[in-house]
file protein-v1.txt (compact mmCIF, C-alpha atoms)
# COMPACT_ATOMS: atom_id res chain seq x y z
CA MET A 1404 23.80 42.63 17.12
CA ALA A 1405 26.80 41.37 19.05
CA ALA A 1406 25.50 37.81 18.76
CA LEU A 1407 25.17 38.21 14.97
CA GLU A 1408 28.77 39.45 14.65
CA ALA A 1409 30.03 36.60 16.83
CA ALA A 1410 28.23 34.10 14.61
CA GLU A 1411 29.74 35.61 11.45
CA GLU A 1412 33.26 35.52 12.90
CA LYS A 1413 32.78 31.90 13.89
CA ALA A 1414 31.74 31.03 10.34
CA ARG A 1415 34.85 32.74 8.87
CA ARG A 1416 37.31 30.75 10.97
CA PRO A 1417 39.24 28.24 8.82
CA GLY A 1418 39.55 24.56 9.71
CA LYS A 1419 35.99 24.23 10.97
CA LYS A 1420 34.17 21.28 9.43
CA LYS A 1421 30.74 22.11 10.71
CA ALA A 1422 29.12 25.22 9.25
CA ALA A 1423 27.66 27.70 11.68
CA LYS A 1424 23.92 27.66 12.05
CA ALA A 1425 22.06 30.50 10.35
CA VAL A 1426 20.90 33.01 12.95
CA ASP A 1427 17.41 34.43 12.54
CA GLU A 1428 17.70 38.22 12.70
CA SER A 1429 14.11 38.61 13.90
CA GLU A 1430 15.07 36.90 17.17
CA LEU A 1431 17.86 39.41 17.77
CA LEU A 1432 15.73 42.51 17.19
CA THR A 1433 14.30 44.07 20.34
CA VAL A 1434 11.57 46.66 20.83
CA PRO A 1435 12.06 49.38 23.45
CA ASP A 1436 9.94 48.99 26.56
CA GLY A 1437 6.73 50.98 26.46
CA TRP A 1438 6.86 51.62 22.70
CA LYS A 1439 3.61 51.12 20.84
CA GLU A 1440 2.75 51.66 17.20
CA PRO A 1441 0.42 54.66 16.70
CA ALA A 1442 -3.12 53.84 15.63
CA PHE A 1443 -4.24 54.31 12.02
CA THR A 1444 -6.81 57.16 11.93
CA ARG A 1445 -8.94 58.91 9.31
CA GLU A 1446 -6.37 61.69 9.04
CA ASP A 1447 -3.92 59.15 7.57
CA ASN A 1448 -6.36 58.30 4.74
CA PRO A 1449 -9.00 61.06 4.46
CA ARG A 1450 -10.23 60.09 0.96
CA GLY A 1451 -11.02 56.45 1.82
CA LEU A 1452 -10.80 53.48 -0.57
CA LEU A 1453 -11.35 53.52 -4.31
CA GLU A 1454 -12.79 49.99 -4.76
CA GLU A 1455 -14.95 47.67 -2.73
CA SER A 1456 -13.30 44.53 -1.35
CA SER A 1457 -15.02 41.45 0.05
CA PHE A 1458 -14.16 38.07 1.55
CA ALA A 1459 -16.39 35.08 2.22
CA THR A 1460 -15.89 31.82 4.15
CA LEU A 1461 -18.00 28.74 4.82
CA PHE A 1462 -18.82 27.42 8.26
CA PRO A 1463 -19.91 23.92 9.44
CA LYS A 1464 -23.50 23.07 10.28
CA TYR A 1465 -22.90 22.74 14.02
CA ARG A 1466 -21.77 26.41 14.24
CA GLU A 1467 -25.02 27.74 12.77
CA ALA A 1468 -26.87 28.17 16.08
CA TYR A 1469 -23.95 29.96 17.77
CA LEU A 1470 -23.29 32.30 14.83
CA LYS A 1471 -26.97 33.16 14.55
CA GLU A 1472 -26.97 34.13 18.24
CA CYS A 1473 -23.77 36.24 18.25
CA TRP A 1474 -24.08 37.78 14.76
CA PRO A 1475 -25.48 41.12 16.03
CA LEU A 1476 -22.32 41.50 18.15
CA VAL A 1477 -20.15 40.75 15.10
CA GLN A 1478 -21.92 43.42 13.04
CA LYS A 1479 -21.58 45.93 15.86
CA ALA A 1480 -17.82 45.28 16.22
CA LEU A 1481 -17.21 45.56 12.45
CA SER A 1482 -19.37 48.67 12.07
CA GLU A 1483 -16.82 50.61 14.15
CA HIS A 1484 -14.36 49.99 11.28
CA TYR A 1485 -17.08 50.67 8.64
CA VAL A 1486 -17.16 47.06 7.39
CA ASN A 1487 -20.43 45.26 6.56
CA ALA A 1488 -20.99 41.62 7.58
CA THR A 1489 -23.57 39.23 6.08
CA LEU A 1490 -24.62 35.80 7.38
CA ASP A 1491 -26.17 33.39 4.84
CA LEU A 1492 -27.72 30.40 6.62
CA ILE A 1493 -28.93 28.81 3.37
CA GLU A 1494 -25.48 28.58 1.78
CA GLY A 1495 -23.72 28.35 5.15
CA SER A 1496 -21.35 31.24 4.52
CA MET A 1497 -20.19 34.53 6.07
CA THR A 1498 -19.26 37.56 3.96
CA VAL A 1499 -17.51 40.83 4.88
CA THR A 1500 -17.31 43.84 2.54
CA THR A 1501 -15.89 47.35 2.72
CA THR A 1502 -18.00 50.51 2.40
CA LYS A 1503 -17.44 54.05 1.13
CA LYS A 1504 -16.67 55.18 4.69
CA THR A 1505 -13.91 52.61 5.23
CA PHE A 1506 -10.60 54.43 5.62
CA ASP A 1507 -8.32 51.64 6.99
CA PRO A 1508 -7.27 49.37 4.08
CA TYR A 1509 -6.19 46.60 6.49
CA ALA A 1510 -9.60 46.51 8.23
CA ILE A 1511 -11.00 44.11 5.62
CA ILE A 1512 -8.09 41.69 6.26
CA ARG A 1513 -8.85 41.71 9.97
CA ALA A 1514 -12.55 41.18 9.25
CA ARG A 1515 -11.64 38.20 7.05
CA ASP A 1516 -9.59 36.70 9.89
CA LEU A 1517 -12.48 37.29 12.29
CA ILE A 1518 -14.97 35.22 10.28
CA LYS A 1519 -12.32 32.51 9.75
CA LEU A 1520 -11.81 32.21 13.48
CA LEU A 1521 -15.55 32.10 14.12
CA ALA A 1522 -15.87 29.26 11.59
CA ARG A 1523 -13.13 27.32 13.43
CA SER A 1524 -15.08 27.26 16.75
CA VAL A 1525 -13.25 30.20 18.36
CA PRO A 1526 -15.66 32.05 20.68
CA PHE A 1527 -16.62 35.60 19.75
CA GLU A 1528 -15.07 37.07 22.92
CA GLN A 1529 -11.63 35.87 21.78
CA ALA A 1530 -12.07 36.27 18.01
CA VAL A 1531 -13.01 39.96 18.28
CA ARG A 1532 -9.48 40.69 19.61
CA ILE A 1533 -8.17 40.27 16.04
CA LEU A 1534 -9.44 43.80 15.31
CA GLN A 1535 -6.71 45.19 17.59
CA ASP A 1536 -3.42 46.39 16.02
CA ASP A 1537 -1.05 44.30 18.16
CA VAL A 1538 -2.96 41.01 17.73
CA ALA A 1539 -2.67 38.56 14.83
CA CYS A 1540 -3.95 35.05 14.14
CA ASP A 1541 -2.64 31.84 12.60
CA ILE A 1542 -4.70 28.84 11.49
CA ILE A 1543 -2.43 25.78 11.30
CA LYS A 1544 -3.65 22.84 9.19
CA ILE A 1545 -2.54 19.55 10.78
CA GLY A 1546 -4.85 17.07 9.04
CA SER A 1547 -2.42 16.12 6.27
CA LEU A 1548 0.75 15.94 8.42
CA VAL A 1549 0.13 12.39 9.70
CA ARG A 1550 -1.14 9.57 7.52
CA ASN A 1551 -2.28 7.11 10.19
CA ARG A 1552 -5.52 8.28 11.81
CA GLU A 1553 -4.79 6.66 15.19
CA SER A 1554 -1.36 8.32 15.39
CA PHE A 1555 -2.93 11.65 14.40
CA VAL A 1556 -5.50 11.46 17.21
CA LYS A 1557 -2.80 10.55 19.77
CA ARG A 1558 -0.49 13.39 18.74
CA ARG A 1559 -3.35 15.88 18.67
CA GLY A 1560 -4.26 14.72 22.19
CA ARG A 1561 -0.70 15.49 23.34
CA LEU A 1562 -1.28 19.16 22.45
CA LEU A 1563 -4.21 19.26 24.86
CA GLY A 1564 -2.60 17.20 27.62
CA PRO A 1565 -4.42 15.78 30.65
CA LYS A 1566 -7.42 18.02 31.32
CA GLY A 1567 -5.97 20.65 28.96
CA SER A 1568 -2.89 21.29 31.13
CA THR A 1569 -0.37 21.25 28.25
CA LEU A 1570 -2.46 23.68 26.19
CA LYS A 1571 -2.86 25.99 29.17
CA ALA A 1572 0.91 26.04 29.79
CA LEU A 1573 1.51 26.83 26.12
CA GLU A 1574 -0.99 29.70 26.27
CA LEU A 1575 0.70 31.20 29.34
CA LEU A 1576 4.19 31.02 27.80
CA THR A 1577 3.22 32.45 24.39
CA ASN A 1578 0.46 34.88 25.48
CA CYS A 1579 -1.78 33.39 22.79
CA TYR A 1580 -5.25 31.88 22.76
CA ILE A 1581 -5.14 28.37 21.18
CA MET A 1582 -8.11 26.35 19.95
CA VAL A 1583 -7.62 22.75 18.75
CA GLN A 1584 -10.61 21.82 16.59
CA GLY A 1585 -10.75 18.94 14.10
CA ASN A 1586 -7.92 19.14 11.58
CA THR A 1587 -6.82 22.69 12.44
CA VAL A 1588 -5.24 24.59 15.33
CA SER A 1589 -6.29 28.25 15.63
CA ALA A 1590 -3.97 30.63 17.49
CA LEU A 1591 -4.62 34.25 18.40
CA GLY A 1592 -2.06 36.59 19.96
CA PRO A 1593 1.15 38.58 19.36
CA PHE A 1594 3.42 37.78 16.40
CA SER A 1595 6.28 36.37 18.48
CA GLY A 1596 3.91 34.04 20.32
CA LEU A 1597 2.29 32.80 17.09
CA LYS A 1598 5.72 31.82 15.77
CA GLU A 1599 6.38 29.67 18.84
CA VAL A 1600 2.91 28.11 18.71
CA ARG A 1601 3.38 27.05 15.08
CA LYS A 1602 6.76 25.48 15.90
CA VAL A 1603 5.34 23.52 18.86
CA VAL A 1604 2.32 22.28 16.86
CA LEU A 1605 4.39 21.14 13.88
CA ASP A 1606 6.95 19.42 16.14
CA THR A 1607 4.15 17.61 17.96
CA MET A 1608 2.80 16.29 14.66
CA LYS A 1609 6.38 15.07 13.94
CA ASN A 1610 6.22 12.92 17.10
CA ILE A 1611 8.18 15.34 19.32
CA HIS A 1612 6.45 15.74 22.67
CA PRO A 1613 5.39 19.35 23.42
CA ILE A 1614 6.88 19.19 26.93
CA TYR A 1615 10.38 19.60 25.42
CA ASN A 1616 9.40 22.81 23.64
CA ILE A 1617 7.59 24.06 26.75
CA LYS A 1618 10.77 23.58 28.79
CA THR A 1619 12.77 25.54 26.20
CA LEU A 1620 10.19 28.35 26.24
CA MET A 1621 10.38 28.58 30.03
CA ILE A 1622 14.16 28.98 29.90
CA LYS A 1623 13.91 31.62 27.14
CA ARG A 1624 11.34 33.51 29.18
CA GLU A 1625 13.69 33.73 32.17
CA LEU A 1626 16.69 34.67 30.02
CA SER A 1627 14.81 37.52 28.32
CA LYS A 1628 14.25 39.18 31.70
CA ASP A 1629 18.00 39.69 32.13
CA PRO A 1630 19.15 42.78 30.15
CA GLU A 1631 22.76 41.51 29.93
CA LEU A 1632 21.82 38.13 28.48
CA ARG A 1633 19.21 39.55 26.12
CA THR A 1634 21.76 40.28 23.37
CA GLN A 1635 23.85 37.12 23.85
CA ASN A 1636 23.58 33.69 22.30
CA TRP A 1637 21.38 31.36 24.37
CA GLU A 1638 22.51 28.05 22.87
CA ARG A 1639 24.54 27.11 25.95
CA PHE A 1640 21.51 27.56 28.22
CA LEU A 1641 18.94 25.68 26.15
CA PRO A 1642 18.51 21.91 26.69
CA LYS A 1643 19.54 19.51 23.94
CA PHE A 1644 17.34 16.46 23.64
CA LYS A 1645 18.45 13.40 21.72
CA ARG A 1646 15.86 11.30 19.98
CA LYS A 1647 15.79 7.73 21.24
CA ASN A 1648 13.78 5.09 19.46
CA LEU A 1649 13.11 2.56 22.20
CA LYS A 1650 10.44 0.70 20.30
CA LYS A 1651 11.55 -2.86 19.64
CA ARG A 1652 10.83 -4.56 16.37
CA LYS A 1653 8.05 -7.10 16.62
CA GLU A 1654 9.24 -10.61 15.87
CA PRO A 1655 7.15 -12.51 13.33
CA LYS A 1656 5.21 -15.56 14.46
CA LYS A 1657 6.61 -17.71 11.66
CA LYS A 1658 10.32 -17.35 11.24
CA ASN A 1659 11.62 -18.32 7.82
CA VAL A 1660 14.79 -20.37 8.22
CA LYS A 1661 17.16 -19.86 5.34
CA LYS A 1662 18.15 -23.05 3.61
CA GLU A 1663 21.71 -23.88 2.71
CA TYR A 1664 22.86 -22.47 -0.56
CA THR A 1665 23.23 -24.94 -3.41
CA PRO A 1666 24.28 -24.07 -6.95
CA PHE A 1667 21.81 -26.58 -8.39
CA PRO A 1668 18.25 -25.54 -9.13
CA PRO A 1669 15.42 -27.22 -7.20
CA PRO A 1670 13.86 -30.34 -8.77
CA GLN A 1671 10.90 -29.74 -11.04
CA PRO A 1672 7.60 -30.61 -9.30
CA GLU A 1673 5.67 -33.55 -10.70
CA SER A 1674 2.62 -32.80 -12.76
CA GLN A 1675 -0.75 -34.51 -12.34
CA ILE A 1676 -0.06 -36.76 -15.34
CA ASP A 1677 3.29 -37.84 -13.86
CA LYS A 1678 1.58 -38.78 -10.59
CA GLU A 1679 -1.07 -40.80 -12.45
CA LEU A 1680 1.60 -42.57 -14.46
CA ALA A 1681 3.53 -43.45 -11.31
CA SER A 1682 0.41 -44.88 -9.59
CA GLY A 1683 -0.91 -46.60 -12.72
CA GLU A 1684 -4.15 -44.65 -12.65
CA TYR A 1685 -3.39 -43.13 -16.04
CA PHE A 1686 -4.02 -46.45 -17.82
CA LEU A 1687 -7.39 -47.13 -16.17
CA LYS A 1688 -10.66 -46.68 -17.98
CA GLU A 1689 -13.00 -43.81 -17.18
CA SER A 1690 -15.47 -46.11 -15.44
CA GLN A 1691 -12.69 -47.61 -13.30
CA LYS A 1692 -11.45 -44.15 -12.35
CA LYS A 1693 -14.96 -43.12 -11.39
CA ARG A 1694 -15.42 -46.28 -9.29
CA LYS A 1695 -12.10 -45.65 -7.54
CA ARG A 1696 -13.09 -42.08 -6.70
CA VAL A 1697 -16.43 -43.27 -5.28
CA GLU A 1698 -14.64 -45.84 -3.13
CA GLU A 1699 -12.26 -43.21 -1.78
CA ILE A 1700 -15.19 -40.95 -0.92
CA LYS A 1701 -17.00 -43.82 0.84
CA ALA A 1702 -13.84 -44.73 2.77
CA LYS A 1703 -13.50 -41.12 3.96
CA GLN A 1704 -17.17 -41.04 4.95
CA ALA A 1705 -16.87 -44.31 6.87
CA ASP A 1706 -13.80 -43.01 8.68
CA ALA A 1707 -15.63 -39.80 9.60
CA VAL A 1708 -18.67 -41.76 10.86
CA ARG A 1709 -16.42 -43.99 12.98
CA LYS A 1710 -14.68 -40.98 14.58
CA ARG A 1711 -18.03 -39.31 15.21
CA GLN A 1712 -19.38 -42.47 16.87
CA GLU A 1713 -16.30 -42.70 19.08
CA GLU A 1714 -16.85 -39.13 20.23
CA ARG A 1715 -20.47 -39.93 21.11
CA ASN A 1716 -19.55 -43.12 23.00
CA LYS A 1717 -17.14 -41.24 25.22
CA ALA A 1718 -20.12 -39.90 27.18
CA PHE A 1719 -21.20 -43.47 28.08
CA ILE A 1720 -17.81 -44.68 29.29
CA PRO A 1721 -17.87 -44.66 33.12
CA PRO A 1722 -15.09 -42.75 34.80
CA LYS A 1723 -12.43 -44.59 36.74
CA GLU A 1724 -13.38 -44.92 40.38
CA LYS A 1725 -10.94 -44.11 43.12
CA PRO A 1726 -9.60 -47.13 45.07
CA LEU A 1727 -11.24 -47.79 48.42
CA VAL A 1728 -9.33 -46.72 51.51
CA LYS A 1729 -8.29 -49.73 53.57
CA VAL A 1730 -9.47 -49.74 57.21
CA LYS A 1731 -6.59 -49.68 59.63
CA LYS A 1732 -6.61 -51.85 62.77
CA GLY A 1733 -6.67 -48.85 65.05
CA ASN A 1734 -9.86 -47.45 63.50
CA ASN A 1735 -13.12 -49.22 64.33
CA HIS A 1736 -15.98 -48.11 62.04
CA LEU A 1737 -18.50 -50.71 63.25
CA GLY A 1738 -19.03 -49.07 66.62
CA SER A 1739 -17.64 -50.41 69.83
CA LEU A 1740 -16.82 -54.00 68.75
CA PRO A 1741 -15.22 -55.84 71.73
CA LEU A 1742 -12.14 -57.96 70.99
CA ARG A 1743 -11.48 -60.81 73.39
CA VAL A 1744 -8.68 -63.31 73.52
CA GLY A 1745 -9.47 -66.82 74.88
CA ASP A 1746 -7.07 -69.24 76.52
CA ASN A 1747 -7.55 -72.24 74.19
CA ILE A 1748 -9.42 -70.80 71.26
CA GLY A 1749 -6.98 -67.99 70.55
CA MET A 1750 -9.00 -65.08 69.35
CA THR A 1751 -12.72 -64.73 69.51
CA VAL A 1752 -14.39 -61.83 67.92
CA SER A 1753 -17.85 -60.82 68.87
CA CYS A 1754 -19.10 -59.23 65.74
CA LEU A 1755 -22.31 -57.73 64.67
CA VAL A 1756 -23.90 -56.28 67.75
CA PHE A 1757 -27.31 -55.16 66.76
CA SER A 1758 -29.23 -52.84 68.97
CA TRP A 1759 -32.11 -50.72 68.29
CA ASN A 1760 -34.58 -48.82 70.38
CA LEU A 1761 -38.23 -48.60 69.83
CA VAL A 1762 -39.70 -45.53 71.39
CA LEU A 1763 -43.41 -45.42 71.67
CA GLU A 1764 -45.18 -42.35 72.81
CA GLU A 1765 -48.57 -42.77 74.30
CA GLU A 1766 -51.09 -40.33 75.65
CA THR A 1767 -49.71 -40.81 79.13
CA GLN A 1768 -46.27 -39.73 77.76
CA TYR A 1769 -44.54 -42.86 79.05
CA SER A 1770 -41.70 -44.30 77.04
CA ILE A 1771 -40.94 -47.96 76.77
CA ILE A 1772 -37.57 -48.99 75.54
CA HIS A 1773 -37.06 -52.49 74.16
CA LYS A 1774 -33.61 -53.72 73.52
CA TRP A 1775 -32.51 -56.89 71.87
CA GLN A 1776 -28.96 -57.88 71.85
CA PHE A 1777 -27.58 -60.85 69.97
CA ASN A 1778 -24.10 -61.99 70.66
CA TYR A 1779 -22.43 -64.45 68.35
CA LEU A 1780 -19.40 -66.18 69.76

call {"tool": "encode", "arguments": {"input": "protein-v1.txt", "output": "structure tokens"}}
result
Amino acid sequence: MAALEAAEEKARRPGKKKAAKAVDESELLTVPDGWKEPAFTREDNPRGLLEESSFATLFPKYREAYLKECWPLVQKALSEHYVNATLDLIEGSMTVTTTKKTFDPYAIIRARDLIKLLARSVPFEQAVRILQDDVACDIIKIGSLVRNRESFVKRRGRLLGPKGSTLKALELLTNCYIMVQGNTVSALGPFSGLKEVRKVVLDTMKNIHPIYNIKTLMIKRELSKDPELRTQNWERFLPKFKRKNLKKRKEPKKKNVKKEYTPFPPPQPESQIDKELASGEYFLKESQKKRKRVEEIKAKQADAVRKRQEERNKAFIPPKEKPLVKVKKGNNHLGSLPLRVGDNIGMTVSCLVFSWNLVLEEETQYSIIHKWQFNYL
């Protein structure tokens, strides 16, 4: 209560522009360690209930096989509280009703929550915990919080995290079981944990990453262990995150350049009759106009045929050949051509030395080599 009084005194101080934030009293209330609410027994209500109450809920088609298998366990768990349960596979509904032996008036509310959780894909082992006194449930509808379907799927995936790590951390910090299924998030656990789960889920749908809330919950968990800090204000310990919109605006492909301002209105566009009057076509006869249109069509066709023919002829145009590499004096590609310099003649070139070998193989495996050499001086 000291934190509440400090907040009230801060609000009364004059000259403060900013109003003090409203403090939630439920956060300041503490329960003594080891205290537990006594169970509700038949001695508290020996005469039972006056009227019969019932609740019914629908379930999807894919849950039919699982519910049919675990329904005997559901009936057994509810029979301890004297509540009847009925499964209708034709209509696809589950119904719970009270009996004359029911003494706990809140048992039917817990039975209603049980069948709601079973319809939202919560396994029976977890859903049956709702029948305990210190356990409550909360089904958060998130389908209508985000308009864009792609953004909704991304933000719902952030709740799960990689391989469900974010959801597991949230379960450990809040002591709640959380099931993300379709357009709803089902949570099962203590009241204080359900409040934190709802806040994290709604903030995630508002594009606030759950890791920020998880960090805050971890700090609160450590602060609550200290008995001195339990009654103080924790604002100075909690992190303050500022929203930063780093997304840049996409520039359009076509930028509209603003024209210079002129007080005069733009000129009136010419009508079709004005264009015909300017070209002289307005005064032509109908037959002449028709002939002119036919000639224009033929001219366009001839132009198209000419362009098409040019495209076809490109395949028959030979490509440009690379220029031949000139033979340098140092390189001799004709074999060993001897170059001799005479006294009076100057330069004599012996060119074209032809030699070939004829190899004949006979049965005696002798080879005869004939050589002819012609020298031209």

call {"tool": "closest_residue", "arguments": {"input": "protein-v1.txt", "among": "A:Leu1576, A:Lys1657, A:Lys1678, A:Ser1595", "to": "Arg1624 of chain A", "atoms": "all atoms listed in the file"}}
result
A:Leu1576

call {"tool": "atom_distance", "arguments": {"input": "protein-v1.txt", "atom1": "atom CA of Glu1446 of chain A", "atom2": "atom CA of Thr1489 of chain A"}}
result
28.4 Å

call {"tool": "atom_distance", "arguments": {"input": "protein-v1.txt", "atom1": "atom CA of Phe1555 of chain A", "atom2": "atom CA of Val1583 of chain A"}}
result
12.8 Å

call {"tool": "residues_around", "arguments": {"input": "protein-v1.txt", "residues": "segment 1504-1507 of chain A", "least_positions_apart": "6", "cutoff": "9 Å", "atoms": "all atoms listed in the file", "output": "PyMOL selection string"}}
result
chain A and resi 1443-1445+1447-1452+1484-1486

call {"tool": "atom_distance", "arguments": {"input": "protein-v1.txt", "atom1": "atom CA of Leu1481 of chain A", "atom2": "atom CA of Ile1581 of chain A"}}
result
22.7 Å

call {"tool": "closest_residue", "arguments": {"input": "protein-v1.txt", "among": "A:Asp1537, A:Glu1467, A:Glu1699, A:Glu1454", "to": "Thr1500 of chain A", "atoms": "all atoms listed in the file"}}
result
A:Glu1454

call {"tool": "residues_near_point", "arguments": {"input": "protein-v1.txt", "point": "(12.4, 25.7, 22.9)", "cutoff": "10 Å", "atoms": "all atoms listed in the file", "output": "list in words"}}
result
Glu1599, Lys1602, Val1603, Pro1613, Ile1614, Tyr1615, Asn1616, Ile1617, Lys1618, Thr1619, Leu1620, Met1621, Ile1622, Lys1623, Leu1641, Pro1642 and Lys1643 of chain A

call {"tool": "closest_residue", "arguments": {"input": "protein-v1.txt", "among": "A:Arg1532, A:Arg1561, A:Lys1566, A:Arg1523", "to": "Lys1544 of chain A", "atoms": "all atoms listed in the file"}}
result
A:Arg1523

call {"tool": "residues_around", "arguments": {"input": "protein-v1.txt", "residues": "Ala1514 of chain A", "least_positions_apart": "4", "cutoff": "7 Å", "atoms": "all atoms listed in the file", "output": "JSON, numbers by chain"}}
result
{"A": [1499, 1510, 1518]}

call {"tool": "residues_around", "arguments": {"input": "protein-v1.txt", "residues": "Glu1684 of chain A", "least_positions_apart": "6", "cutoff": "12 Å", "atoms": "only C-alpha atoms", "output": "NGL selection string"}}
result
:A and (1675-1678 or 1690-1696)

call {"tool": "decode", "arguments": {"input": "protein-v1.txt", "residues": "segment 1444-1462 of chain A", "atoms": "N, CA, C and O atoms", "output": "PDB file, in the first residue's frame"}}
result
ATOM      1  N   THR A1444     -17.456 -27.853  -0.281  1.00  0.00           N
ATOM      2  CA  THR A1444     -17.926 -29.217  -0.008  1.00  0.00           C
ATOM      3  C   THR A1444     -19.448 -29.239   0.059  1.00  0.00           C
ATOM      4  O   THR A1444     -20.114 -28.198  -0.037  1.00  0.00           O
ATOM      5  N   ARG A1445     -19.983 -30.461   0.247  1.00  0.00           N
ATOM      6  CA  ARG A1445     -21.445 -30.621   0.323  1.00  0.00           C
ATOM      7  C   ARG A1445     -22.021 -29.958   1.577  1.00  0.00           C
ATOM      8  O   ARG A1445     -23.192 -29.537   1.575  1.00  0.00           O
ATOM      9  N   GLU A1446     -21.216 -29.846   2.616  1.00  0.00           N
ATOM     10  CA  GLU A1446     -21.713 -29.195   3.831  1.00  0.00           C
ATOM     11  C   GLU A1446     -22.023 -27.712   3.595  1.00  0.00           C
ATOM     12  O   GLU A1446     -22.865 -27.129   4.282  1.00  0.00           O
ATOM     13  N   ASP A1447     -21.346 -27.099   2.608  1.00  0.00           N
ATOM     14  CA  ASP A1447     -21.605 -25.690   2.309  1.00  0.00           C
ATOM     15  C   ASP A1447     -22.946 -25.502   1.593  1.00  0.00           C
ATOM     16  O   ASP A1447     -23.543 -24.430   1.696  1.00  0.00           O
ATOM     17  N   ASN A1448     -23.395 -26.524   0.857  1.00  0.00           N
ATOM     18  CA  ASN A1448     -24.676 -26.441   0.135  1.00  0.00           C
ATOM     19  C   ASN A1448     -25.361 -27.807   0.209  1.00  0.00           C
ATOM     20  O   ASN A1448     -25.368 -28.566  -0.770  1.00  0.00           O
ATOM     21  N   PRO A1449     -25.943 -28.156   1.363  1.00  0.00           N
ATOM     22  CA  PRO A1449     -26.497 -29.518   1.522  1.00  0.00           C
ATOM     23  C   PRO A1449     -27.758 -29.763   0.691  1.00  0.00           C
ATOM     24  O   PRO A1449     -28.041 -30.916   0.349  1.00  0.00           O
ATOM     25  N   ARG A1450     -28.520 -28.729   0.360  1.00  0.00           N
ATOM     26  CA  ARG A1450     -29.776 -28.930  -0.369  1.00  0.00           C
ATOM     27  C   ARG A1450     -29.604 -28.983  -1.886  1.00  0.00           C
ATOM     28  O   ARG A1450     -30.573 -29.278  -2.594  1.00  0.00           O
ATOM     29  N   GLY A1451     -28.432 -28.671  -2.399  1.00  0.00           N
ATOM     30  CA  GLY A1451     -28.199 -28.762  -3.842  1.00  0.00           C
ATOM     31  C   GLY A1451     -28.771 -27.572  -4.592  1.00  0.00           C
ATOM     32  O   GLY A1451     -29.042 -26.504  -4.024  1.00  0.00           O
ATOM     33  N   LEU A1452     -28.988 -27.770  -5.918  1.00  0.00           N
ATOM     34  CA  LEU A1452     -29.471 -26.704  -6.796  1.00  0.00           C
ATOM     35  C   LEU A1452     -30.961 -26.854  -7.064  1.00  0.00           C
ATOM     36  O   LEU A1452     -31.486 -27.967  -7.106  1.00  0.00           O
ATOM     37  N   LEU A1453     -31.617 -25.732  -7.289  1.00  0.00           N
ATOM     38  CA  LEU A1453     -33.055 -25.755  -7.539  1.00  0.00           C
ATOM     39  C   LEU A1453     -33.388 -26.081  -8.985  1.00  0.00           C
ATOM     40  O   LEU A1453     -34.325 -26.826  -9.263  1.00  0.00           O
ATOM     41  N   GLU A1454     -32.620 -25.510  -9.948  1.00  0.00           N
ATOM     42  CA  GLU A1454     -32.901 -25.690 -11.371  1.00  0.00           C
ATOM     43  C   GLU A1454     -31.730 -26.370 -12.070  1.00  0.00           C
ATOM     44  O   GLU A1454     -30.591 -26.345 -11.596  1.00  0.00           O
ATOM     45  N   GLU A1455     -32.061 -26.932 -13.221  1.00  0.00           N
ATOM     46  CA  GLU A1455     -31.032 -27.584 -14.039  1.00  0.00           C
ATOM     47  C   GLU A1455     -30.435 -26.561 -15.005  1.00  0.00           C
ATOM     48  O   GLU A1455     -31.155 -25.804 -15.662  1.00  0.00           O
ATOM     49  N   SER A1456     -29.115 -26.547 -15.083  1.00  0.00           N
ATOM     50  CA  SER A1456     -28.391 -25.661 -16.002  1.00  0.00           C
ATOM     51  C   SER A1456     -27.627 -26.503 -17.010  1.00  0.00           C
ATOM     52  O   SER A1456     -27.173 -27.614 -16.689  1.00  0.00           O
ATOM     53  N   SER A1457     -27.480 -25.956 -18.215  1.00  0.00           N
ATOM     54  CA  SER A1457     -26.762 -26.696 -19.265  1.00  0.00           C
ATOM     55  C   SER A1457     -26.056 -25.713 -20.188  1.00  0.00           C
ATOM     56  O   SER A1457     -26.502 -24.573 -20.374  1.00  0.00           O
ATOM     57  N   PHE A1458     -24.953 -26.187 -20.751  1.00  0.00           N
ATOM     58  CA  PHE A1458     -24.175 -25.428 -21.743  1.00  0.00           C
ATOM     59  C   PHE A1458     -23.806 -26.377 -22.878  1.00  0.00           C
ATOM     60  O   PHE A1458     -23.552 -27.572 -22.641  1.00  0.00           O
ATOM     61  N   ALA A1459     -23.748 -25.841 -24.082  1.00  0.00           N
ATOM     62  CA  ALA A1459     -23.376 -26.644 -25.250  1.00  0.00           C
ATOM     63  C   ALA A1459     -22.405 -25.837 -26.108  1.00  0.00           C
ATOM     64  O   ALA A1459     -22.452 -24.604 -26.143  1.00  0.00           O
ATOM     65  N   THR A1460     -21.508 -26.529 -26.790  1.00  0.00           N
ATOM     66  CA  THR A1460     -20.555 -25.889 -27.698  1.00  0.00           C
ATOM     67  C   THR A1460     -20.303 -26.809 -28.888  1.00  0.00           C
ATOM     68  O   THR A1460     -20.373 -28.045 -28.764  1.00  0.00           O
ATOM     69  N   LEU A1461     -20.005 -26.218 -30.025  1.00  0.00           N
ATOM     70  CA  LEU A1461     -19.697 -26.972 -31.238  1.00  0.00           C
ATOM     71  C   LEU A1461     -18.210 -27.241 -31.307  1.00  0.00           C
ATOM     72  O   LEU A1461     -17.398 -26.528 -30.718  1.00  0.00           O
ATOM     73  N   PHE A1462     -17.844 -28.258 -32.053  1.00  0.00           N
ATOM     74  CA  PHE A1462     -16.426 -28.575 -32.250  1.00  0.00           C
ATOM     75  C   PHE A1462     -16.191 -28.867 -33.739  1.00  0.00           C
ATOM     76  O   PHE A1462     -17.095 -29.324 -34.437  1.00  0.00           O
TER      77      PHE A1462
END
